file start_6.csv (CSV, C-alpha atoms)
chain,number,residue,atom,x,y,z
A,425,ALA,CA,0.0,0.0,0.0
A,426,PRO,CA,1.2,3.6,-0.6
A,427,GLY,CA,1.1,4.4,3.0
A,428,THR,CA,3.2,1.4,4.0
A,429,MET,CA,5.8,2.3,1.4
A,430,THR,CA,6.0,5.9,2.7
A,431,ARG,CA,6.4,4.7,6.3
A,432,ALA,CA,9.1,2.2,5.2
A,433,ALA,CA,11.1,4.8,3.3
A,434,PHE,CA,10.8,7.2,6.2
A,435,ALA,CA,12.1,4.5,8.5
A,436,VAL,CA,15.1,3.8,6.2
A,437,ILE,CA,16.0,7.5,6.2
A,438,ILE,CA,15.8,7.7,9.9
A,439,ALA,CA,17.9,4.6,10.3
A,440,LEU,CA,20.6,6.1,7.9
A,441,VAL,CA,20.6,9.4,9.8
A,442,CYS,CA,21.1,7.5,13.1
A,443,VAL,CA,23.9,5.5,11.7
A,444,ALA,CA,25.6,8.6,10.3
A,445,ALA,CA,25.2,10.4,13.6
A,446,ALA,CA,26.5,7.4,15.5
A,447,ARG,CA,29.6,7.2,13.3
A,448,GLY,CA,30.1,10.9,13.7
A,449,VAL,CA,30.0,10.5,17.5
A,450,GLU,CA,32.3,7.6,17.3
A,451,LEU,CA,34.9,9.5,15.2
A,452,ARG,CA,34.7,12.5,17.5
A,453,GLY,CA,35.1,10.3,20.5
A,454,GLY,CA,38.2,8.6,18.9
A,455,ASP,CA,39.9,11.9,18.2
A,456,ASP,CA,42.6,13.1,20.6
A,457,VAL,CA,41.8,16.7,20.9
A,458,GLY,CA,45.2,17.4,22.3
A,459,ALA,CA,47.1,15.7,19.5
A,460,LYS,CA,49.5,17.8,17.5
A,461,PRO,CA,49.7,17.5,13.7
A,462,ALA,CA,52.7,15.5,12.3
A,463,PRO,CA,55.8,17.7,11.9
A,464,VAL,CA,56.6,19.0,8.5
A,465,PRO,CA,59.0,16.4,6.8
A,466,LEU,CA,62.7,17.3,6.4
A,467,VAL,CA,64.9,16.7,3.4
A,468,MET,CA,68.7,17.1,3.8
A,469,TRP,CA,71.4,17.2,1.1
A,470,HIS,CA,75.0,16.4,2.1
A,471,GLY,CA,78.3,18.1,1.0
A,472,MET,CA,81.4,17.0,-0.9
A,473,GLY,CA,83.1,14.0,0.4
A,474,ASP,CA,80.0,12.7,2.2
A,475,ASN,CA,77.0,10.6,1.2
A,476,CYS,CA,73.4,10.2,2.2
A,477,CYS,CA,73.9,7.4,4.7
A,478,ASP,CA,77.3,7.4,6.2
A,479,PRO,CA,76.8,6.3,9.8
A,480,GLY,CA,79.3,8.8,11.2
A,481,THR,CA,77.8,11.8,9.4
A,482,MET,CA,74.5,12.1,7.5
A,483,GLY,CA,73.2,8.8,8.7
A,484,ARG,CA,73.9,9.8,12.3
A,485,LEU,CA,72.3,13.2,11.8
A,486,LYS,CA,69.2,11.7,10.3
A,487,THR,CA,68.8,9.5,13.4
A,488,TYR,CA,69.4,12.5,15.7
A,489,VAL,CA,66.7,14.6,14.0
A,490,GLU,CA,64.2,11.7,14.2
A,491,SER,CA,64.8,11.4,17.9
A,492,ALA,CA,64.7,15.1,18.5
A,493,VAL,CA,61.5,15.8,16.5
A,494,PRO,CA,58.9,13.0,17.4
A,495,GLY,CA,57.0,11.7,14.5
A,496,ILE,CA,59.1,13.5,11.8
A,497,TYR,CA,59.8,11.9,8.4
A,498,VAL,CA,63.5,12.6,7.3
A,499,HIS,CA,64.9,11.9,3.9
A,500,ASN,CA,68.6,12.3,2.9
A,501,VAL,CA,69.2,12.9,-0.8
A,502,MET,CA,71.2,10.3,-2.6
A,503,VAL,CA,72.4,10.7,-6.2
A,504,GLY,CA,73.1,7.5,-8.0
A,505,GLY,CA,72.3,3.9,-7.0
A,506,SER,CA,74.2,3.5,-3.8
A,507,PRO,CA,76.0,5.5,-1.1
A,508,ALA,CA,79.3,4.8,-2.7
A,509,ALA,CA,78.1,6.2,-6.0
A,510,ASP,CA,76.6,9.1,-4.1
A,511,THR,CA,80.1,10.0,-2.8
A,512,MET,CA,81.6,9.8,-6.3
A,513,HIS,CA,78.9,12.0,-7.7
A,514,GLY,CA,79.9,14.6,-5.2
A,515,TYR,CA,83.0,15.1,-7.4
A,516,PHE,CA,82.1,13.9,-10.9
A,517,GLY,CA,79.0,14.2,-13.0
A,518,ASN,CA,76.7,16.8,-14.5
A,519,VAL,CA,75.2,18.9,-11.7
A,520,ASN,CA,72.2,19.8,-13.8
A,521,ASP,CA,71.5,16.1,-14.3
A,522,GLN,CA,72.0,15.4,-10.6
A,523,VAL,CA,69.5,18.1,-9.6
A,524,ALA,CA,67.0,16.8,-12.1
A,525,GLU,CA,67.4,13.2,-10.7
A,526,ALA,CA,66.9,14.5,-7.1
A,527,CYS,CA,63.8,16.3,-8.2
A,528,ASP,CA,62.3,13.2,-9.7
A,529,ARG,CA,63.1,11.1,-6.7
A,530,LEU,CA,61.8,13.7,-4.2
A,531,ALA,CA,58.6,14.2,-6.2
A,532,ALA,CA,57.9,10.5,-6.0
A,533,ILE,CA,58.0,10.2,-2.2
A,534,PRO,CA,54.4,10.2,-0.8
A,535,GLU,CA,55.5,11.6,2.5
A,536,LEU,CA,56.7,14.8,0.8
A,537,GLN,CA,53.6,15.5,-1.3
A,538,ASN,CA,52.3,18.2,1.1
A,539,GLY,CA,55.5,20.0,1.4
A,540,PHE,CA,58.8,19.8,3.4
A,541,ASN,CA,61.5,21.8,5.0
A,542,ALA,CA,65.1,21.4,3.7
A,543,ILE,CA,68.6,21.8,4.9
A,544,GLY,CA,71.6,21.8,2.6
A,545,PHE,CA,75.1,21.3,3.8
A,546,SER,CA,78.1,22.9,2.0
A,547,GLN,CA,77.7,22.2,-1.8
A,548,GLY,CA,74.4,20.4,-1.0
A,549,SER,CA,73.1,23.9,-0.1
A,550,LEU,CA,73.6,25.1,-3.6
A,551,PHE,CA,72.0,21.9,-5.1
A,552,ILE,CA,68.9,21.9,-2.9
A,553,ARG,CA,68.4,25.5,-3.7
A,554,ALA,CA,68.6,24.6,-7.4
A,555,ALA,CA,66.0,21.9,-6.9
A,556,THR,CA,63.8,24.4,-5.1
A,557,GLN,CA,64.0,26.9,-8.0
A,558,ARG,CA,63.7,24.4,-10.9
A,559,CYS,CA,61.1,22.0,-9.5
A,560,ALA,CA,58.7,24.2,-7.7
A,561,ASP,CA,55.8,22.8,-9.7
A,562,ARG,CA,56.5,19.4,-8.0
A,563,LEU,CA,58.4,20.2,-4.8
A,564,LYS,CA,56.8,22.4,-2.1
A,565,VAL,CA,59.7,23.6,0.0
A,566,LYS,CA,58.6,25.6,3.1
A,567,THR,CA,61.7,26.7,5.0
A,568,LEU,CA,65.1,26.3,3.4
A,569,VAL,CA,68.3,26.4,5.5
A,570,THR,CA,71.7,26.4,3.9
A,571,MET,CA,74.8,25.7,5.9
A,572,GLY,CA,78.1,27.1,4.5
A,573,GLY,CA,76.7,27.0,1.0
A,574,PRO,CA,78.8,28.4,-2.0
A,575,HIS,CA,75.9,30.3,-3.4
A,576,GLN,CA,78.1,32.7,-5.3
A,577,GLY,CA,80.5,29.9,-6.2
A,578,VAL,CA,84.1,29.5,-5.1
A,579,ALA,CA,87.2,31.3,-6.4
A,580,SER,CA,89.8,28.7,-5.3
A,581,LEU,CA,90.2,25.0,-5.5
A,582,PRO,CA,88.8,22.5,-2.9
A,583,GLY,CA,90.9,21.8,0.2
A,584,CYS,CA,91.8,18.2,-0.5
A,585,ASP,CA,94.3,18.1,2.3
A,586,VAL,CA,91.4,17.2,4.7
A,587,PHE,CA,91.1,13.8,3.0
A,588,SER,CA,93.5,10.9,3.3
A,589,PRO,CA,95.0,10.0,-0.1
A,590,ALA,CA,94.2,6.3,0.8
A,591,THR,CA,90.4,7.0,0.8
A,592,ASP,CA,88.0,7.1,-2.1
A,593,ALA,CA,87.1,10.7,-1.1
A,594,GLY,CA,90.8,11.7,-1.2
A,595,ALA,CA,91.4,10.2,-4.6
A,596,PHE,CA,88.2,11.7,-6.0
A,597,CYS,CA,89.1,15.2,-4.6
A,598,ARG,CA,92.6,15.2,-6.0
A,599,ALA,CA,91.4,14.2,-9.4
A,600,ALA,CA,88.8,17.0,-9.4
A,601,GLU,CA,91.4,19.4,-8.1
A,602,ALA,CA,93.8,18.5,-11.0
A,603,ALA,CA,91.1,18.9,-13.6
A,604,ILE,CA,90.0,22.3,-12.3
A,605,GLU,CA,93.6,23.5,-12.1
A,606,ALA,CA,94.3,22.5,-15.6
A,607,ALA,CA,91.2,23.9,-17.3
A,608,ALA,CA,88.2,24.9,-15.2
A,609,TYR,CA,86.2,26.0,-18.2
A,610,SER,CA,87.2,23.4,-20.7
A,611,PRO,CA,84.3,21.4,-22.2
A,612,PHE,CA,85.1,18.2,-20.4
A,613,THR,CA,85.9,19.7,-17.0
A,614,ARG,CA,82.9,22.1,-16.9
A,615,SER,CA,80.5,19.3,-17.7
A,616,SER,CA,81.9,16.5,-15.6
A,617,VAL,CA,83.7,17.9,-12.5
A,618,VAL,CA,81.2,19.0,-10.0
A,619,GLN,CA,83.3,21.8,-8.3
A,620,ALA,CA,84.1,23.3,-11.7
A,621,GLN,CA,80.3,23.9,-12.2
A,622,TYR,CA,80.3,26.4,-9.4
A,623,PHE,CA,83.9,27.7,-9.9
A,624,LYS,CA,83.8,31.5,-10.4
A,625,ASP,CA,87.0,33.3,-11.3
A,626,PRO,CA,86.4,37.0,-10.8
A,627,ARG,CA,89.1,37.7,-13.4
A,628,ALA,CA,87.3,35.8,-16.1
A,629,ARG,CA,83.6,36.9,-15.6
A,630,ASP,CA,82.7,36.8,-19.3
A,631,ARG,CA,84.1,33.3,-19.7
A,632,TYR,CA,82.3,32.2,-16.6
A,633,LEU,CA,79.0,33.5,-17.8
A,634,GLU,CA,79.5,31.9,-21.2
A,635,ARG,CA,80.9,28.6,-20.3
A,636,ASN,CA,79.8,27.6,-16.8
A,637,PRO,CA,76.8,25.3,-17.3
A,638,PHE,CA,75.3,25.5,-13.8
A,639,LEU,CA,75.9,28.5,-11.5
A,640,PRO,CA,75.1,31.4,-13.8
A,641,ASP,CA,71.8,29.8,-14.6
A,642,VAL,CA,70.9,29.0,-11.0
A,643,ASN,CA,71.8,32.5,-9.9
A,644,ASN,CA,69.9,34.1,-12.8
A,645,GLU,CA,73.1,36.0,-13.9
A,646,ARG,CA,72.6,35.8,-17.6
A,647,ALA,CA,70.8,38.5,-19.6
A,648,GLN,CA,67.7,36.3,-20.0
A,649,LYS,CA,66.2,35.9,-16.6
A,650,ASN,CA,64.1,32.9,-15.5
A,651,GLU,CA,61.2,34.4,-13.6
A,652,THR,CA,60.2,30.9,-12.3
A,653,TYR,CA,63.3,30.9,-10.1
A,654,LYS,CA,62.3,34.2,-8.5
A,655,THR,CA,58.7,32.9,-8.0
A,656,ALA,CA,60.0,29.7,-6.4
A,657,LEU,CA,62.2,31.4,-3.9
A,658,THR,CA,59.7,34.1,-3.0
A,659,SER,CA,57.2,31.4,-2.2
A,660,LEU,CA,59.4,30.1,0.7
A,661,GLU,CA,58.3,30.8,4.2
A,662,ARG,CA,61.9,31.5,5.1
A,663,LEU,CA,65.4,31.3,3.6
A,664,VAL,CA,68.1,31.0,6.2
A,665,LEU,CA,71.8,31.4,5.1
A,666,VAL,CA,74.3,30.2,7.6
A,667,ARG,CA,77.9,31.3,7.3
A,668,PHE,CA,80.8,29.6,9.3
A,669,THR,CA,82.8,32.3,10.9
A,670,GLU,CA,86.2,30.6,10.5
A,671,ASP,CA,85.5,28.9,7.1
A,672,THR,CA,88.6,28.3,5.1
A,673,VAL,CA,87.1,25.7,2.7
A,674,VAL,CA,84.6,27.9,0.9
A,675,GLU,CA,86.5,30.8,-0.7
A,676,PRO,CA,85.1,33.4,-0.1
A,677,ARG,CA,83.4,32.3,3.1
A,678,ASP,CA,80.8,35.0,2.5
A,679,SER,CA,79.6,33.2,-0.6
A,680,ALA,CA,77.3,31.5,2.0
A,681,TRP,CA,75.6,35.0,2.2
A,682,PHE,CA,75.7,35.5,-1.5
A,683,SER,CA,78.7,37.9,-1.3
A,684,THR,CA,81.1,37.7,-4.2
A,685,TYR,CA,84.4,39.2,-5.4
A,686,GLU,CA,84.2,42.3,-7.5
A,687,PRO,CA,84.5,41.3,-11.2
A,688,GLY,CA,87.9,41.8,-12.6
A,689,ASN,CA,89.6,41.6,-9.2
A,690,TYR,CA,91.0,38.9,-7.1
A,691,LEU,CA,93.7,40.6,-5.0
A,692,PRO,CA,93.3,42.5,-2.7
A,693,ARG,CA,89.9,40.7,-3.0
A,694,PRO,CA,87.2,43.4,-2.4
A,695,LEU,CA,84.0,41.6,-1.5
A,696,VAL,CA,80.7,42.9,-2.7
A,697,PRO,CA,77.9,42.1,-0.2
A,698,LEU,CA,74.6,40.8,-1.5
A,699,ARG,CA,72.6,44.1,-0.9
A,700,GLU,CA,75.1,46.0,-3.0
A,701,GLN,CA,74.8,43.7,-6.1
A,702,ALA,CA,72.5,44.0,-9.1
A,703,MET,CA,71.3,40.5,-8.1
A,704,TYR,CA,69.6,42.1,-5.1
A,705,THR,CA,68.7,45.6,-6.3
A,706,GLU,CA,67.1,44.2,-9.5
A,707,ASP,CA,65.9,41.2,-7.5
A,708,TRP,CA,66.9,38.5,-10.0
A,709,LEU,CA,66.1,35.7,-7.5
A,710,GLY,CA,63.6,37.2,-5.2
A,711,LEU,CA,66.2,37.7,-2.4
A,712,ARG,CA,65.2,41.4,-2.0
A,713,ALA,CA,61.6,40.5,-1.7
A,714,LEU,CA,62.4,37.9,0.9
A,715,ASP,CA,64.6,40.4,2.8
A,716,GLU,CA,62.0,43.2,2.7
A,717,SER,CA,59.3,40.8,4.1
A,718,GLY,CA,61.6,39.6,6.9
A,719,ARG,CA,62.0,36.1,5.4
A,720,LEU,CA,65.7,36.3,4.6
A,721,VAL,CA,67.9,35.4,7.5
A,722,MET,CA,71.7,35.7,7.5
A,723,ALA,CA,73.0,33.7,10.4
A,724,GLU,CA,76.4,32.5,11.7
A,725,CYS,CA,77.8,29.4,13.1
A,726,PRO,CA,81.1,29.8,15.1
A,727,GLY,CA,84.0,27.8,13.8
A,728,GLN,CA,85.3,26.0,10.8
A,729,HIS,CA,83.4,24.7,7.8
A,730,MET,CA,80.8,22.1,8.7
A,731,TRP,CA,81.7,21.9,12.4
A,732,PHE,CA,78.8,22.2,14.7
A,733,THR,CA,77.2,20.3,17.6
A,734,ASP,CA,73.8,18.6,17.8
A,735,ALA,CA,72.9,21.2,20.5
A,736,TRP,CA,73.8,24.0,18.2
A,737,LEU,CA,71.8,22.6,15.3
A,738,LYS,CA,68.8,22.0,17.6
A,739,GLU,CA,68.8,25.5,19.1
A,740,ASN,CA,69.8,27.5,16.1
A,741,VAL,CA,68.2,25.7,13.2
A,742,LEU,CA,65.6,23.1,14.1
A,743,ASP,CA,64.0,24.9,17.0
A,744,LYS,CA,64.5,28.5,15.9
A,745,TYR,CA,63.4,28.2,12.3
A,746,MET,CA,61.6,24.9,11.8
A,747,TYR,CA,60.0,23.0,14.6
A,748,GLY,CA,59.9,25.1,17.7
A,749,GLY,CA,58.5,23.4,20.8
A,750,THR,CA,58.1,20.0,19.2
A,751,LEU,CA,61.7,19.1,20.0
A,752,ARG,CA,62.9,16.8,22.8
A,753,ASP,CA,65.9,18.0,24.8
A,754,GLU,CA,67.4,14.7,26.0
A,755,SER,CA,68.7,13.7,22.5
A,756,SER,CA,71.0,16.6,22.0
A,757,SER,CA,74.8,16.4,22.4
A,758,ASN,CA,77.4,19.1,22.9
A,759,ALA,CA,80.0,17.0,21.2
A,760,ALA,CA,81.3,18.6,18.0
A,761,VAL,CA,80.4,16.7,14.9
A,762,LYS,CA,81.8,17.3,11.5
A,763,ILE,CA,78.9,16.7,9.1
A,764,SER,CA,80.8,16.9,5.8
A,765,SER,CA,84.5,16.7,5.3
A,766,SER,CA,84.6,19.6,2.8
A,767,ARG,CA,82.3,21.3,0.4

call {"tool": "encode", "arguments": {"input": "start_6.csv", "output": "structure tokens"}}
result
Amino acid sequence: APGTMTRAAFAVIIALVCVAAARGVELRGGDDVGAKPAPVPLVMWHGMGDNCCDPGTMGRLKTYVESAVPGIYVHNVMVGGSPAADTMHGYFGNVNDQVAEACDRLAAIPELQNGFNAIGFSQGSLFIRAATQRCADRLKVKTLVTMGGPHQGVASLPGCDVFSPATDAGAFCRAAEAAIEAAAYSPFTRSSVVQAQYFKDPRARDRYLERNPFLPDVNNERAQKNETYKTALTSLERLVLVRFTEDTVVEPRDSAWFSTYEPGNYLPRPLVPLREQAMYTEDWLGLRALDESGRLVMAECPGQHMWFTDAWLKENVLDKYMYGGTLRDESSSNAAVKISSSR
């Protein structure tokens, strides 16, 4: 009968409403109203002579961050198919290709899809910035911290004396050093020796702009500017540039703050600070926009290149610029740790 069908339909609707309401109560009752959202993931890129997973350096640092920031996902960038290959690629290979490979791998990691913070160490600072600029359509970097990064390149050869000649890192470094010394801008060297791809001789600026395949592009130094690079950096929540006060590895040490030697001069080496360069005044990369909005930080770490303690990193990077009160105190150490042997 029509009346029976109407009552039956009404009963079904009421039942569905009750079920939905019950499920809603159940979900609300299961929520922990005091729970904090998961920390923003962290990506780290190592420096020259190191690799993603060395248990004494980057592997140890990954474990430390995981213990200091409960619930965090940490990923260390690896170039190539193994940690050994990663070490080699810190000296040899095409940096443009390496950055593209890193972008592809990072973009494929589910945990990073909603964005991540990033820390670059030494030359890894320059490479993670390149990835941030070039892959902004796939990578959502929030806060970027660079530690001793050669953002304006280096004007002298790597300090290979820090490596034992008997190690792979020592052999790789000396081979790269010899290639740069012989012909920094030759076709082979400039496309296959990593350090040559951010070598910047102030006495040969025209040759640098014409022949260097990596740094002039990443710094938007050529006449044709890439506006997507500027858009990518100005989308950062914060860019933190850390300089080591006694750095003798990155020459000039203020390259970490985007300072550079005056073109045409090497001795007595007048340095041009970032804010006095066309890169800043014309805002090629968005650094002025970041600065004027209070999102560009120039910080210092006391001591030599890549020497810092867990406690220093916690207080001055993780806590201050990234994770605030989510950190645990008991995991930090005051023992000095050298994260990367060189650039």

call {"tool": "residues_near_point", "arguments": {"input": "start_6.csv", "point": "(64.1, 28.0, 14.9)", "cutoff": "12 Å", "atoms": "only C-alpha atoms", "output": "JSON, numbers by chain"}}
result
{"A": [541, 567, 568, 569, 662, 663, 664, 721, 723, 736, 737, 738, 739, 740, 741, 742, 743, 744, 745, 746, 747, 748, 749, 750, 751]}

call {"tool": "closest_residue", "arguments": {"input": "start_6.csv", "among": "A:Leu709, A:Met482, A:Val666, A:Ala555", "to": "Lys649 (chain A)", "atoms": "all atoms listed in the file"}}
result
A:Leu709

call {"tool": "atom_distance", "arguments": {"input": "start_6.csv", "atom1": "CA of Val696 (chain A)", "atom2": "CA of Glu675 (chain A)"}}
result
13.6 Å

call {"tool": "residues_around", "arguments": {"input": "start_6.csv", "residues": "region 638-648 of chain A", "least_positions_apart": "3", "cutoff": "7 Å", "atoms": "all atoms listed in the file", "output": "PyMOL selection string"}}
result
chain A and resi 519-520+554+621-622+633+708-709

call {"tool": "write_last_selection", "arguments": {"input": "start_6.csv", "atoms": "C-alpha atoms", "output": "tab-separated table (two decimals), keeping the file's coordinate frame"}}
result
chain	number	residue	atom	x	y	z
A	519	VAL	CA	75.20	18.90	-11.70
A	520	ASN	CA	72.20	19.80	-13.80
A	554	ALA	CA	68.60	24.60	-7.40
A	621	GLN	CA	80.30	23.90	-12.20
A	622	TYR	CA	80.30	26.40	-9.40
A	633	LEU	CA	79.00	33.50	-17.80
A	708	TRP	CA	66.90	38.50	-10.00
A	709	LEU	CA	66.10	35.70	-7.50

call {"tool": "closest_residue", "arguments": {"input": "start_6.csv", "among": "A:Ala713, A:Gly688, A:Thr613, A:His499", "to": "Asn518 (chain A)", "atoms": "only C-alpha atoms"}}
result
A:Thr613

call {"tool": "atom_distance", "arguments": {"input": "start_6.csv", "atom1": "CA of Leu665 (chain A)", "atom2": "CA of Gly573 (chain A)"}}
result
7.8 Å

call {"tool": "atom_distance", "arguments": {"input": "start_6.csv", "atom1": "CA of Gly539 (chain A)", "atom2": "CA of Trp469 (chain A)"}}
result
16.1 Å

call {"tool": "residues_near_point", "arguments": {"input": "start_6.csv", "point": "(62.5, 14.7, -11.3)", "cutoff": "12 Å", "atoms": "all atoms listed in the file", "output": "PDB file with C-alpha atoms, in the frame of the given file"}}
result
ATOM      1  CA  VAL A 503      72.400  10.700  -6.200  1.00  0.00           C
ATOM      2  CA  ASN A 520      72.200  19.800 -13.800  1.00  0.00           C
ATOM      3  CA  ASP A 521      71.500  16.100 -14.300  1.00  0.00           C
ATOM      4  CA  GLN A 522      72.000  15.400 -10.600  1.00  0.00           C
ATOM      5  CA  VAL A 523      69.500  18.100  -9.600  1.00  0.00           C
ATOM      6  CA  ALA A 524      67.000  16.800 -12.100  1.00  0.00           C
ATOM      7  CA  GLU A 525      67.400  13.200 -10.700  1.00  0.00           C
ATOM      8  CA  ALA A 526      66.900  14.500  -7.100  1.00  0.00           C
ATOM      9  CA  CYS A 527      63.800  16.300  -8.200  1.00  0.00           C
ATOM     10  CA  ASP A 528      62.300  13.200  -9.700  1.00  0.00           C
ATOM     11  CA  ARG A 529      63.100  11.100  -6.700  1.00  0.00           C
ATOM     12  CA  LEU A 530      61.800  13.700  -4.200  1.00  0.00           C
ATOM     13  CA  ALA A 531      58.600  14.200  -6.200  1.00  0.00           C
ATOM     14  CA  ALA A 532      57.900  10.500  -6.000  1.00  0.00           C
ATOM     15  CA  ILE A 533      58.000  10.200  -2.200  1.00  0.00           C
ATOM     16  CA  ALA A 555      66.000  21.900  -6.900  1.00  0.00           C
ATOM     17  CA  THR A 556      63.800  24.400  -5.100  1.00  0.00           C
ATOM     18  CA  ARG A 558      63.700  24.400 -10.900  1.00  0.00           C
ATOM     19  CA  CYS A 559      61.100  22.000  -9.500  1.00  0.00           C
ATOM     20  CA  ALA A 560      58.700  24.200  -7.700  1.00  0.00           C
ATOM     21  CA  ASP A 561      55.800  22.800  -9.700  1.00  0.00           C
ATOM     22  CA  ARG A 562      56.500  19.400  -8.000  1.00  0.00           C
ATOM     23  CA  LEU A 563      58.400  20.200  -4.800  1.00  0.00           C
TER      24      LEU A 563
END

call {"tool": "residues_around", "arguments": {"input": "start_6.csv", "residues": "Ala579 (chain A)", "least_positions_apart": "6", "cutoff": "9 Å", "atoms": "all atoms listed in the file", "output": "PyMOL selection string"}}
result
chain A and resi 622-626+674-676+685+690

call {"tool": "write_last_selection", "arguments": {"input": "start_6.csv", "atoms": "C-alpha atoms", "output": "mmCIF file, in the coordinates of the input"}}
result
data_model
loop_
_atom_site.group_PDB
_atom_site.id
_atom_site.type_symbol
_atom_site.label_atom_id
_atom_site.label_comp_id
_atom_site.auth_asym_id
_atom_site.auth_seq_id
_atom_site.Cartn_x
_atom_site.Cartn_y
_atom_site.Cartn_z
ATOM 1 C CA TYR A 622 80.300 26.400 -9.400
ATOM 2 C CA PHE A 623 83.900 27.700 -9.900
ATOM 3 C CA LYS A 624 83.800 31.500 -10.400
ATOM 4 C CA ASP A 625 87.000 33.300 -11.300
ATOM 5 C CA PRO A 626 86.400 37.000 -10.800
ATOM 6 C CA VAL A 674 84.600 27.900 0.900
ATOM 7 C CA GLU A 675 86.500 30.800 -0.700
ATOM 8 C CA PRO A 676 85.100 33.400 -0.100
ATOM 9 C CA TYR A 685 84.400 39.200 -5.400
ATOM 10 C CA TYR A 690 91.000 38.900 -7.100
#

call {"tool": "closest_residue", "arguments": {"input": "start_6.csv", "among": "A:Gly577, A:Pro637, A:Gly483, A:Gly495", "to": "Pro461 (chain A)", "atoms": "all atoms listed in the file"}}
result
A:Gly495

call {"tool": "build_atoms", "arguments": {"input": "start_6.csv", "residues": "region 518-529 of chain A", "atoms": "N, CA, C and O atoms", "output": "JSON list (two decimals), in the coordinates of the input"}}
result
[["chain", "number", "residue", "atom", "x", "y", "z"],
["A", 518, "ASN", "N", 77.38, 15.61, -14.07],
["A", 518, "ASN", "CA", 76.70, 16.80, -14.50],
["A", 518, "ASN", "C", 75.75, 17.28, -13.43],
["A", 518, "ASN", "O", 74.79, 16.58, -13.14],
["A", 519, "VAL", "N", 76.01, 18.44, -12.83],
["A", 519, "VAL", "CA", 75.20, 18.90, -11.70],
["A", 519, "VAL", "C", 73.73, 19.11, -12.15],
["A", 519, "VAL", "O", 72.79, 18.81, -11.40],
["A", 520, "ASN", "N", 73.53, 19.62, -13.35],
["A", 520, "ASN", "CA", 72.20, 19.80, -13.80],
["A", 520, "ASN", "C", 71.41, 18.48, -13.85],
["A", 520, "ASN", "O", 70.24, 18.41, -13.45],
["A", 521, "ASP", "N", 72.08, 17.43, -14.30],
["A", 521, "ASP", "CA", 71.50, 16.10, -14.30],
["A", 521, "ASP", "C", 71.21, 15.60, -12.90],
["A", 521, "ASP", "O", 70.18, 14.97, -12.62],
["A", 522, "GLN", "N", 72.15, 15.86, -11.99],
["A", 522, "GLN", "CA", 72.00, 15.40, -10.60],
["A", 522, "GLN", "C", 70.81, 16.08, -9.94],
["A", 522, "GLN", "O", 70.04, 15.45, -9.20],
["A", 523, "VAL", "N", 70.65, 17.38, -10.17],
["A", 523, "VAL", "CA", 69.50, 18.10, -9.60],
["A", 523, "VAL", "C", 68.21, 17.57, -10.17],
["A", 523, "VAL", "O", 67.23, 17.36, -9.43],
["A", 524, "ALA", "N", 68.18, 17.31, -11.46],
["A", 524, "ALA", "CA", 67.00, 16.80, -12.10],
["A", 524, "ALA", "C", 66.63, 15.39, -11.51],
["A", 524, "ALA", "O", 65.45, 15.08, -11.25],
["A", 525, "GLU", "N", 67.65, 14.57, -11.29],
["A", 525, "GLU", "CA", 67.40, 13.20, -10.70],
["A", 525, "GLU", "C", 66.86, 13.37, -9.29],
["A", 525, "GLU", "O", 65.92, 12.65, -8.91],
["A", 526, "ALA", "N", 67.43, 14.28, -8.51],
["A", 526, "ALA", "CA", 66.90, 14.50, -7.10],
["A", 526, "ALA", "C", 65.49, 14.96, -7.16],
["A", 526, "ALA", "O", 64.67, 14.52, -6.34],
["A", 527, "CYS", "N", 65.16, 15.86, -8.08],
["A", 527, "CYS", "CA", 63.80, 16.30, -8.20],
["A", 527, "CYS", "C", 62.81, 15.20, -8.45],
["A", 527, "CYS", "O", 61.76, 15.09, -7.82],
["A", 528, "ASP", "N", 63.19, 14.34, -9.39],
["A", 528, "ASP", "CA", 62.30, 13.20, -9.70],
["A", 528, "ASP", "C", 62.11, 12.30, -8.52],
["A", 528, "ASP", "O", 60.98, 11.84, -8.25],
["A", 529, "ARG", "N", 63.17, 12.02, -7.81],
["A", 529, "ARG", "CA", 63.10, 11.10, -6.70],
["A", 529, "ARG", "C", 62.26, 11.74, -5.52],
["A", 529, "ARG", "O", 61.42, 11.08, -4.90]]
